[in-house]
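> This is input-v5.cif (mmCIF, C-alpha atoms, pLDDT in the B column; chains and numbers go by the auth columns).
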```cif
data_start
loop_
_atom_site.group_PDB
_atom_site.id
_atom_site.type_symbol
_atom_site.label_atom_id
_atom_site.label_comp_id
_atom_site.label_asym_id
_atom_site.label_seq_id
_atom_site.Cartn_x
_atom_site.Cartn_y
_atom_site.Cartn_z
_atom_site.B_iso_or_equiv
_atom_site.auth_seq_id
_atom_site.auth_asym_id
ATOM 1 C CA MET A 1 0.000 0.000 0.000 63.00 1484 A
ATOM 2 C CA ALA A 2 2.419 2.640 -1.245 80.00 1485 A
ATOM 3 C CA VAL A 3 1.635 6.273 -0.654 90.00 1486 A
ATOM 4 C CA PHE A 4 4.626 7.377 -2.742 93.00 1487 A
ATOM 5 C CA ASN A 5 6.324 5.508 -5.582 89.00 1488 A
ATOM 6 C CA ASN A 6 9.807 6.771 -4.772 85.00 1489 A
ATOM 7 C CA ALA A 7 11.799 9.031 -2.462 85.00 1490 A
ATOM 8 C CA ALA A 8 11.533 11.945 -4.925 88.00 1491 A
ATOM 9 C CA GLN A 9 7.718 11.903 -4.685 92.00 1492 A
ATOM 10 C CA LEU A 10 7.967 11.875 -0.901 91.00 1493 A
ATOM 11 C CA GLN A 11 10.375 14.815 -1.003 92.00 1494 A
ATOM 12 C CA GLN A 12 8.052 16.768 -3.303 93.00 1495 A
ATOM 13 C CA TYR A 13 5.115 16.095 -0.976 94.00 1496 A
ATOM 14 C CA LEU A 14 7.081 17.376 2.007 91.00 1497 A
ATOM 15 C CA ILE A 15 8.033 20.509 0.070 92.00 1498 A
ATOM 16 C CA ASN A 16 4.474 21.130 -1.187 93.00 1499 A
ATOM 17 C CA GLN A 17 3.024 20.635 2.303 92.00 1500 A
ATOM 18 C CA ASN A 18 5.859 22.613 3.912 89.00 1501 A
ATOM 19 C CA MET A 19 6.177 19.712 6.318 88.00 1502 A
ATOM 20 C CA LEU A 20 9.441 19.774 8.234 80.00 1503 A
ATOM 21 C CA ASP A 21 8.461 17.428 11.048 90.00 1504 A
ATOM 22 C CA TYR A 22 8.552 13.748 10.100 92.00 1505 A
ATOM 23 C CA THR A 23 6.490 12.889 13.200 93.00 1506 A
ATOM 24 C CA LYS A 24 3.540 14.684 11.589 94.00 1507 A
ATOM 25 C CA LEU A 25 3.754 12.215 8.699 94.00 1508 A
ATOM 26 C CA ILE A 26 3.425 9.387 11.207 96.00 1509 A
ATOM 27 C CA THR A 27 0.194 10.926 12.487 95.00 1510 A
ATOM 28 C CA GLU A 28 -1.117 12.014 9.074 94.00 1511 A
ATOM 29 C CA PHE A 29 -0.743 8.555 7.554 95.00 1512 A
ATOM 30 C CA ASP A 30 -1.871 6.718 10.713 96.00 1513 A
ATOM 31 C CA ILE A 31 1.329 4.746 11.212 97.00 1514 A
ATOM 32 C CA ASP A 32 1.744 2.729 14.387 98.00 1515 A
ATOM 33 C CA ILE A 33 5.051 2.879 16.229 98.00 1516 A
ATOM 34 C CA VAL A 34 5.860 -0.111 18.408 97.00 1517 A
ATOM 35 C CA ARG A 35 8.839 0.182 20.722 96.00 1518 A
ATOM 36 C CA THR A 36 9.996 -3.160 22.014 96.00 1519 A
ATOM 37 C CA ASP A 37 12.928 -4.585 23.905 95.00 1520 A
ATOM 38 C CA GLU A 38 12.286 -8.039 22.435 95.00 1521 A
ATOM 39 C CA MET A 39 14.357 -7.446 19.306 92.00 1522 A
ATOM 40 C CA PRO A 40 17.992 -8.564 19.036 90.00 1523 A
ATOM 41 C CA ASP A 41 20.425 -5.755 19.892 85.00 1524 A
ATOM 42 C CA THR A 42 21.673 -5.721 16.301 85.00 1525 A
ATOM 43 C CA LEU A 43 18.158 -5.088 14.909 88.00 1526 A
ATOM 44 C CA LEU A 44 17.357 -1.376 15.159 91.00 1527 A
ATOM 45 C CA GLY A 45 14.050 -1.140 13.340 91.00 1528 A
ATOM 46 C CA LEU A 46 11.645 -2.862 11.001 92.00 1529 A
ATOM 47 C CA ALA A 47 8.855 -1.545 8.780 93.00 1530 A
ATOM 48 C CA LEU A 48 5.690 -3.400 7.797 93.00 1531 A
ATOM 49 C CA PRO A 49 4.019 -1.240 5.135 93.00 1532 A
ATOM 50 C CA LYS A 50 0.915 -3.452 4.761 92.00 1533 A
ATOM 51 C CA THR A 51 -0.070 -2.818 8.363 94.00 1534 A
ATOM 52 C CA ARG A 52 1.548 0.640 8.515 96.00 1535 A
ATOM 53 C CA THR A 53 3.629 -0.413 11.492 96.00 1536 A
ATOM 54 C CA ILE A 54 7.165 0.478 12.478 96.00 1537 A
ATOM 55 C CA PHE A 55 8.983 -1.533 15.123 95.00 1538 A
ATOM 56 C CA ILE A 56 11.783 0.234 16.986 95.00 1539 A
ATOM 57 C CA ASN A 57 14.240 -1.545 19.244 94.00 1540 A
ATOM 58 C CA SER A 58 13.910 0.188 22.601 93.00 1541 A
ATOM 59 C CA ASN A 59 17.209 -1.196 23.878 89.00 1542 A
ATOM 60 C CA ASN A 60 19.841 1.509 24.202 74.00 1543 A
ATOM 61 C CA SER A 61 21.379 2.319 20.867 81.00 1544 A
ATOM 62 C CA THR A 62 24.173 4.626 19.868 88.00 1545 A
ATOM 63 C CA ILE A 63 22.154 5.367 16.725 91.00 1546 A
ATOM 64 C CA GLY A 64 19.570 8.106 17.096 94.00 1547 A
ATOM 65 C CA GLU A 65 15.914 7.127 17.052 95.00 1548 A
ATOM 66 C CA SER A 66 15.057 10.010 14.701 96.00 1549 A
ATOM 67 C CA PHE A 67 17.192 8.466 11.957 96.00 1550 A
ATOM 68 C CA ILE A 68 15.779 4.977 12.516 95.00 1551 A
ATOM 69 C CA LEU A 69 12.186 6.280 12.531 96.00 1552 A
ATOM 70 C CA ALA A 70 12.641 8.437 9.425 96.00 1553 A
ATOM 71 C CA HIS A 71 14.313 5.528 7.600 94.00 1554 A
ATOM 72 C CA GLU A 72 11.543 3.054 8.469 94.00 1555 A
ATOM 73 C CA LEU A 73 8.878 5.691 7.780 96.00 1556 A
ATOM 74 C CA THR A 74 10.189 6.006 4.231 94.00 1557 A
ATOM 75 C CA HIS A 75 9.812 2.250 3.793 93.00 1558 A
ATOM 76 C CA VAL A 76 6.192 2.399 4.968 95.00 1559 A
ATOM 77 C CA LEU A 77 5.278 5.391 2.786 95.00 1560 A
ATOM 78 C CA MET A 78 6.883 3.802 -0.278 92.00 1561 A
ATOM 79 C CA GLY A 79 5.151 0.494 0.462 91.00 1562 A
ATOM 80 C CA VAL A 80 8.424 -1.411 0.472 84.00 1563 A
ATOM 81 C CA GLU A 81 9.153 -4.049 3.089 75.00 1564 A
ATOM 82 C CA SER A 82 12.368 -3.139 4.800 70.00 1565 A
ATOM 83 C CA ALA A 83 15.308 -5.375 5.063 64.00 1566 A
ATOM 84 C CA ALA A 84 15.588 -5.399 8.826 62.00 1567 A
ATOM 85 C CA PHE A 85 17.602 -2.316 9.785 61.00 1568 A
ATOM 86 C CA TYR A 86 20.659 -3.842 11.401 58.00 1569 A
ATOM 87 C CA ARG A 87 23.537 -2.194 13.177 59.00 1570 A
ATOM 88 C CA SER A 88 26.404 -3.071 10.862 60.00 1571 A
ATOM 89 C CA SER A 89 29.750 -1.900 9.616 49.00 1572 A
ATOM 90 C CA TYR A 90 28.764 -1.475 5.981 56.00 1573 A
ATOM 91 C CA VAL A 91 26.401 0.738 3.998 61.00 1574 A
ATOM 92 C CA SER A 92 23.758 -1.223 2.133 65.00 1575 A
ATOM 93 C CA THR A 93 23.602 -0.727 -1.601 67.00 1576 A
ATOM 94 C CA ARG A 94 20.161 -2.325 -1.925 82.00 1577 A
ATOM 95 C CA LYS A 95 17.995 0.082 -3.889 84.00 1578 A
ATOM 96 C CA THR A 96 15.220 0.074 -1.278 86.00 1579 A
ATOM 97 C CA GLU A 97 17.653 0.757 1.563 87.00 1580 A
ATOM 98 C CA VAL A 98 19.340 3.597 -0.317 89.00 1581 A
ATOM 99 C CA ALA A 99 15.889 5.098 -1.008 90.00 1582 A
ATOM 100 C CA ALA A 100 14.924 4.749 2.675 92.00 1583 A
ATOM 101 C CA ASN A 101 18.163 6.454 3.685 93.00 1584 A
ATOM 102 C CA ASP A 102 17.566 9.235 1.152 94.00 1585 A
ATOM 103 C CA GLY A 103 14.058 9.771 2.533 94.00 1586 A
ATOM 104 C CA ALA A 104 15.414 9.899 6.073 96.00 1587 A
ATOM 105 C CA PHE A 105 18.264 12.215 5.087 97.00 1588 A
ATOM 106 C CA PHE A 106 15.874 14.598 3.338 97.00 1589 A
ATOM 107 C CA MET A 107 13.431 14.790 6.259 97.00 1590 A
ATOM 108 C CA LEU A 108 16.122 15.215 8.886 98.00 1591 A
ATOM 109 C CA ILE A 109 18.318 17.615 6.908 98.00 1592 A
ATOM 110 C CA LYS A 110 15.308 19.872 6.194 96.00 1593 A
ATOM 111 C CA GLU A 111 14.444 19.818 9.905 96.00 1594 A
ATOM 112 C CA PHE A 112 18.084 20.459 10.884 97.00 1595 A
ATOM 113 C CA ILE A 113 18.731 23.384 8.544 97.00 1596 A
ATOM 114 C CA THR A 114 15.421 25.012 9.452 95.00 1597 A
ATOM 115 C CA LYS A 115 15.956 24.618 13.186 95.00 1598 A
ATOM 116 C CA TRP A 116 19.464 26.102 13.055 97.00 1599 A
ATOM 117 C CA SER A 117 18.971 28.513 10.093 98.00 1600 A
ATOM 118 C CA ILE A 118 21.722 26.870 8.057 98.00 1601 A
ATOM 119 C CA ASP A 119 22.276 27.619 4.379 97.00 1602 A
ATOM 120 C CA LYS A 120 24.003 25.361 1.857 95.00 1603 A
ATOM 121 C CA PHE A 121 27.331 27.092 2.380 97.00 1604 A
ATOM 122 C CA ASN A 122 27.294 26.403 6.118 98.00 1605 A
ATOM 123 C CA PHE A 123 25.819 22.908 6.178 98.00 1606 A
ATOM 124 C CA ASN A 124 28.240 20.516 7.843 98.00 1607 A
ATOM 125 C CA VAL A 125 27.726 16.767 7.425 98.00 1608 A
ATOM 126 C CA GLU A 126 29.602 15.952 10.612 98.00 1609 A
ATOM 127 C CA SER A 127 27.435 18.319 12.689 98.00 1610 A
ATOM 128 C CA PHE A 128 24.313 16.750 11.179 98.00 1611 A
ATOM 129 C CA ILE A 129 25.588 13.224 11.924 98.00 1612 A
ATOM 130 C CA ASN A 130 26.437 14.151 15.509 98.00 1613 A
ATOM 131 C CA TYR A 131 23.119 15.898 16.137 98.00 1614 A
ATOM 132 C CA TYR A 132 20.958 12.980 14.935 98.00 1615 A
ATOM 133 C CA ARG A 133 23.444 10.257 15.925 96.00 1616 A
ATOM 134 C CA VAL A 134 23.545 8.902 12.384 96.00 1617 A
ATOM 135 C CA PRO A 135 26.284 6.277 11.983 92.00 1618 A
ATOM 136 C CA SER A 136 29.439 7.868 10.595 94.00 1619 A
ATOM 137 C CA MET A 137 29.583 5.178 7.883 93.00 1620 A
ATOM 138 C CA TYR A 138 26.857 7.207 6.128 95.00 1621 A
ATOM 139 C CA TYR A 139 29.048 10.327 5.903 97.00 1622 A
ATOM 140 C CA PHE A 140 29.789 10.014 2.180 96.00 1623 A
ATOM 141 C CA GLN A 141 26.246 8.908 1.330 95.00 1624 A
ATOM 142 C CA ILE A 142 24.909 12.032 3.079 98.00 1625 A
ATOM 143 C CA GLN A 143 27.498 14.246 1.416 98.00 1626 A
ATOM 144 C CA SER A 144 26.565 12.820 -2.001 97.00 1627 A
ATOM 145 C CA PHE A 145 22.842 13.165 -1.269 97.00 1628 A
ATOM 146 C CA VAL A 146 23.239 16.821 -0.305 98.00 1629 A
ATOM 147 C CA SER A 147 25.351 17.559 -3.404 97.00 1630 A
ATOM 148 C CA ARG A 148 22.764 15.958 -5.717 96.00 1631 A
ATOM 149 C CA ASN A 149 19.777 17.593 -4.019 96.00 1632 A
ATOM 150 C CA ALA A 150 21.108 20.946 -2.789 97.00 1633 A
ATOM 151 C CA ASP A 151 18.650 22.942 -4.900 96.00 1634 A
ATOM 152 C CA ILE A 152 15.589 21.363 -3.304 95.00 1635 A
ATOM 153 C CA ILE A 153 17.054 20.937 0.183 96.00 1636 A
ATOM 154 C CA PHE A 154 18.081 24.575 0.510 96.00 1637 A
ATOM 155 C CA ALA A 155 15.267 26.146 -1.539 91.00 1638 A
#
```
Please express the file's structure as structure tokens.


Amino acid sequence: MAVFNNAAQLQQYLINQNMLDYTKLITEFDIDIVRTDEMPDTLLGLALPKTRTIFINSNNSTIGESFILAHELTHVLMGVESAAFYRSSYVSTRKTEVAANDGAFFMLIKEFITKWSIDKFNFNVESFINYYRVPSMYYFQIQSFVSRNADIIFA
């Protein structure tokens, strides 16, 4: 039950609605968030688009919940079952995972630059990563995403 066919459609919706708070999307599209401590420590989150449910591992994680939620939210809104979001030492190249990351990056970067009044000349990937506790292994993926999408991110 896809709401959006791809991350670009999601981004355009967020721009058109001037929606900078991903938690409003959770409410607007009636998505259930289930926090549980019954998941393995290596499993951070899981999305079930058919039931519009996101499972979040409530065990302490060094990875910020905002990033996990925004990533899994993108899976739900695109109607794509997530590969379980594991804590790992590599960046997935699966198309659906890259799209979920791009959706999460877009939502969180828009929120970040608005909150701190940052323009494209002063955006710092490392500050963004530290603020949202995004794993540093995504540094170059974020940098590439921002370079490719600067016109719409900083519009």

> Please write as a list in words the full residue list that the PyMOL selection byres ((chain A and resi 1592) around 10) yields on this file.

Leu1503, Gly1586, Ala1587, Phe1588, Phe1589, Met1590, Leu1591, Lys1593, Glu1594, Phe1595, Ile1596, Thr1597, Lys1598, Ile1601, Phe1606, Val1608, Phe1611, Ile1612, Tyr1615, Ile1625, Val1629, Ile1636 and Phe1637 of chain A

> Please indicate the distance in Å from atom CA of Ala1582 of chain A to atom CA of Val1563 of chain A, rounded to one decimal place.

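That distance, rounded to one decimal, is 10.0 Å.
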
> Please evaluate the PyMOL selection byres ((chain A and resi 1553-1556) around 10) against the structure above and give the resulting residues as an NGL selection string.

:A and (1505-1506 or 1508-1509 or 1514 or 1516 or 1527-1532 or 1535-1539 or 1548-1552 or 1557-1568 or 1580-1591)

> So, with all atoms listed in the file as the atoms that count, which of A:Tyr1622, A:Phe1628, A:Ala1633, A:Asp1520 lies closest to Phe1604 of chain A?

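The closest residue to Phe1604 of chain A is A:Ala1633.
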
> Build an axis-aligned box that encloses every atom of segment 1630-1633 of chain A listed in the file, pad it by 6 Å on each side, and report its centre and edge lengths in Å to one decimal, as lines of an AutoDock Vina configuration file.


```
center_x = 22.6
center_y = 18.5
center_z = -4.3
size_x = 17.6
size_y = 17.0
size_z = 14.9
```

> How many Å separate atom CA of Ile1635 of chain A from atom CA of Ala1490 of chain A?

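Spanning atom CA of Ile1635 of chain A to atom CA of Ala1490 of chain A is a straight-line distance of 12.9 Å.
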
> Just checking: using all atoms listed in the file, which residue out of A:Glu1521, A:Trp1599, A:Asn1632, A:Phe1512 ends up closest to Gln1494 of chain A?

A:Asn1632

> Name the closest residue to Met1522 of chain A among the candidates A:Thr1534, A:Asp1504, A:Ser1619, A:Asn1543; distances are taken between atoms, counting all atoms listed in the file.

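For Met1522 of chain A, the nearest of the given residues is A:Asn1543.
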
> Tell me which of A:Ala1491, A:Leu1497, A:Val1486, A:Leu1526 sits closest to Arg1631 of chain A, counting all atoms listed in the file.

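Going through A:Ala1491, A:Leu1497, A:Val1486, A:Leu1526 one by one, the smallest distance to Arg1631 of chain A is for A:Ala1491.
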
> Report the distance between atom CA of Val1517 of chain A and atom CA of Glu1609 of chain A in Å, rounded to one decimal place.

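Atom-to-atom, atom CA of Val1517 of chain A to atom CA of Glu1609 of chain A, that is 29.7 Å.
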
> Hey, which of A:Asp1602, A:Ile1546, A:Asn1488, A:Ala1638 ends up closest to Arg1616 of chain A? Count only C-alpha atoms.

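For Arg1616 of chain A, the nearest of the candidates is A:Ile1546.
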
> Taking all atoms listed in the file into account, which of A:Asp1634, A:Gln1500, A:Lys1603, A:Asn1613 comes nearest Gly1547 of chain A?

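Looking only at the distances to Gly1547 of chain A, the closest residue turns out to be A:Asn1613.
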
> With all heavy atoms as the atom set, please write segment 1514-1525 of chain A from the structure just given, as a CSV table (one decimal), in the first residue's frame.


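Result file decode_39.csv:
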```
chain,number,residue,atom,x,y,z
A,1514,ILE,N,0.3,5.8,11.1
A,1514,ILE,CA,1.3,4.7,11.2
A,1514,ILE,C,1.6,4.4,12.7
A,1514,ILE,O,1.7,5.3,13.5
A,1514,ILE,CB,2.6,5.2,10.5
A,1514,ILE,CG1,2.4,5.4,9.0
A,1514,ILE,CG2,3.8,4.2,10.8
A,1514,ILE,CD1,3.5,6.1,8.3
A,1515,ASP,N,1.5,3.2,13.0
A,1515,ASP,CA,1.7,2.7,14.4
A,1515,ASP,C,3.2,2.6,14.6
A,1515,ASP,O,3.9,2.0,13.8
A,1515,ASP,CB,1.0,1.4,14.7
A,1515,ASP,CG,-0.5,1.5,14.6
A,1515,ASP,OD1,-1.0,2.6,15.1
A,1515,ASP,OD2,-1.1,0.6,14.1
A,1516,ILE,N,3.7,3.1,15.8
A,1516,ILE,CA,5.1,2.9,16.2
A,1516,ILE,C,5.0,1.9,17.4
A,1516,ILE,O,4.3,2.2,18.4
A,1516,ILE,CB,5.7,4.2,16.6
A,1516,ILE,CG1,5.6,5.3,15.5
A,1516,ILE,CG2,7.1,4.0,17.1
A,1516,ILE,CD1,6.3,4.9,14.3
A,1517,VAL,N,5.8,0.9,17.3
A,1517,VAL,CA,5.9,-0.1,18.4
A,1517,VAL,C,7.3,-0.1,18.9
A,1517,VAL,O,8.2,-0.5,18.1
A,1517,VAL,CB,5.4,-1.5,17.9
A,1517,VAL,CG1,5.6,-2.5,19.1
A,1517,VAL,CG2,4.0,-1.5,17.4
A,1518,ARG,N,7.5,0.3,20.1
A,1518,ARG,CA,8.8,0.2,20.7
A,1518,ARG,C,8.9,-1.1,21.6
A,1518,ARG,O,8.0,-1.3,22.4
A,1518,ARG,CB,9.1,1.4,21.6
A,1518,ARG,CG,9.3,2.7,20.7
A,1518,ARG,CD,9.5,3.9,21.6
A,1518,ARG,NE,9.8,5.1,20.8
A,1518,ARG,CZ,8.8,5.8,20.1
A,1518,ARG,NH1,7.6,5.4,20.2
A,1518,ARG,NH2,9.2,6.8,19.4
A,1519,THR,N,9.9,-1.9,21.3
A,1519,THR,CA,10.0,-3.2,22.0
A,1519,THR,C,11.4,-3.5,22.4
A,1519,THR,O,12.3,-3.1,21.7
A,1519,THR,CB,9.4,-4.3,21.1
A,1519,THR,OG1,9.6,-5.5,21.9
A,1519,THR,CG2,10.1,-4.4,19.8
A,1520,ASP,N,11.6,-4.1,23.5
A,1520,ASP,CA,12.9,-4.6,23.9
A,1520,ASP,C,13.1,-6.1,23.6
A,1520,ASP,O,14.1,-6.7,24.0
A,1520,ASP,CB,13.2,-4.3,25.4
A,1520,ASP,CG,12.2,-5.0,26.3
A,1520,ASP,OD1,11.3,-5.8,25.8
A,1520,ASP,OD2,12.3,-4.9,27.5
A,1521,GLU,N,12.2,-6.6,22.8
A,1521,GLU,CA,12.3,-8.0,22.4
A,1521,GLU,C,13.0,-8.3,21.1
A,1521,GLU,O,12.9,-9.4,20.6
A,1521,GLU,CB,10.9,-8.6,22.4
A,1521,GLU,CG,10.2,-8.6,23.8
A,1521,GLU,CD,8.9,-9.2,23.8
A,1521,GLU,OE1,8.5,-9.9,22.9
A,1521,GLU,OE2,8.1,-8.9,24.8
A,1522,MET,N,13.6,-7.3,20.6
A,1522,MET,CA,14.4,-7.4,19.3
A,1522,MET,C,15.8,-7.7,19.6
A,1522,MET,O,16.3,-7.2,20.7
A,1522,MET,CB,14.2,-6.2,18.4
A,1522,MET,CG,12.8,-5.9,18.0
A,1522,MET,SD,12.6,-4.2,17.3
A,1522,MET,CE,13.2,-4.5,15.6
A,1523,PRO,N,16.5,-8.4,18.8
A,1523,PRO,CA,18.0,-8.6,19.0
A,1523,PRO,C,18.7,-7.2,19.0
A,1523,PRO,O,18.2,-6.3,18.3
A,1523,PRO,CB,18.5,-9.4,17.8
A,1523,PRO,CG,17.3,-9.9,17.2
A,1523,PRO,CD,16.1,-9.1,17.6
A,1524,ASP,N,19.7,-7.0,19.8
A,1524,ASP,CA,20.4,-5.8,19.9
A,1524,ASP,C,20.9,-5.2,18.5
A,1524,ASP,O,21.0,-4.0,18.3
A,1524,ASP,CB,21.6,-5.9,20.8
A,1524,ASP,CG,21.2,-5.9,22.3
A,1524,ASP,OD1,20.1,-5.6,22.6
A,1524,ASP,OD2,22.0,-6.3,23.1
A,1525,THR,N,21.2,-6.1,17.6
A,1525,THR,CA,21.7,-5.7,16.3
A,1525,THR,C,20.6,-5.2,15.4
A,1525,THR,O,20.8,-4.6,14.4
A,1525,THR,CB,22.4,-6.9,15.6
A,1525,THR,OG1,21.6,-8.0,15.5
A,1525,THR,CG2,23.7,-7.2,16.3
```
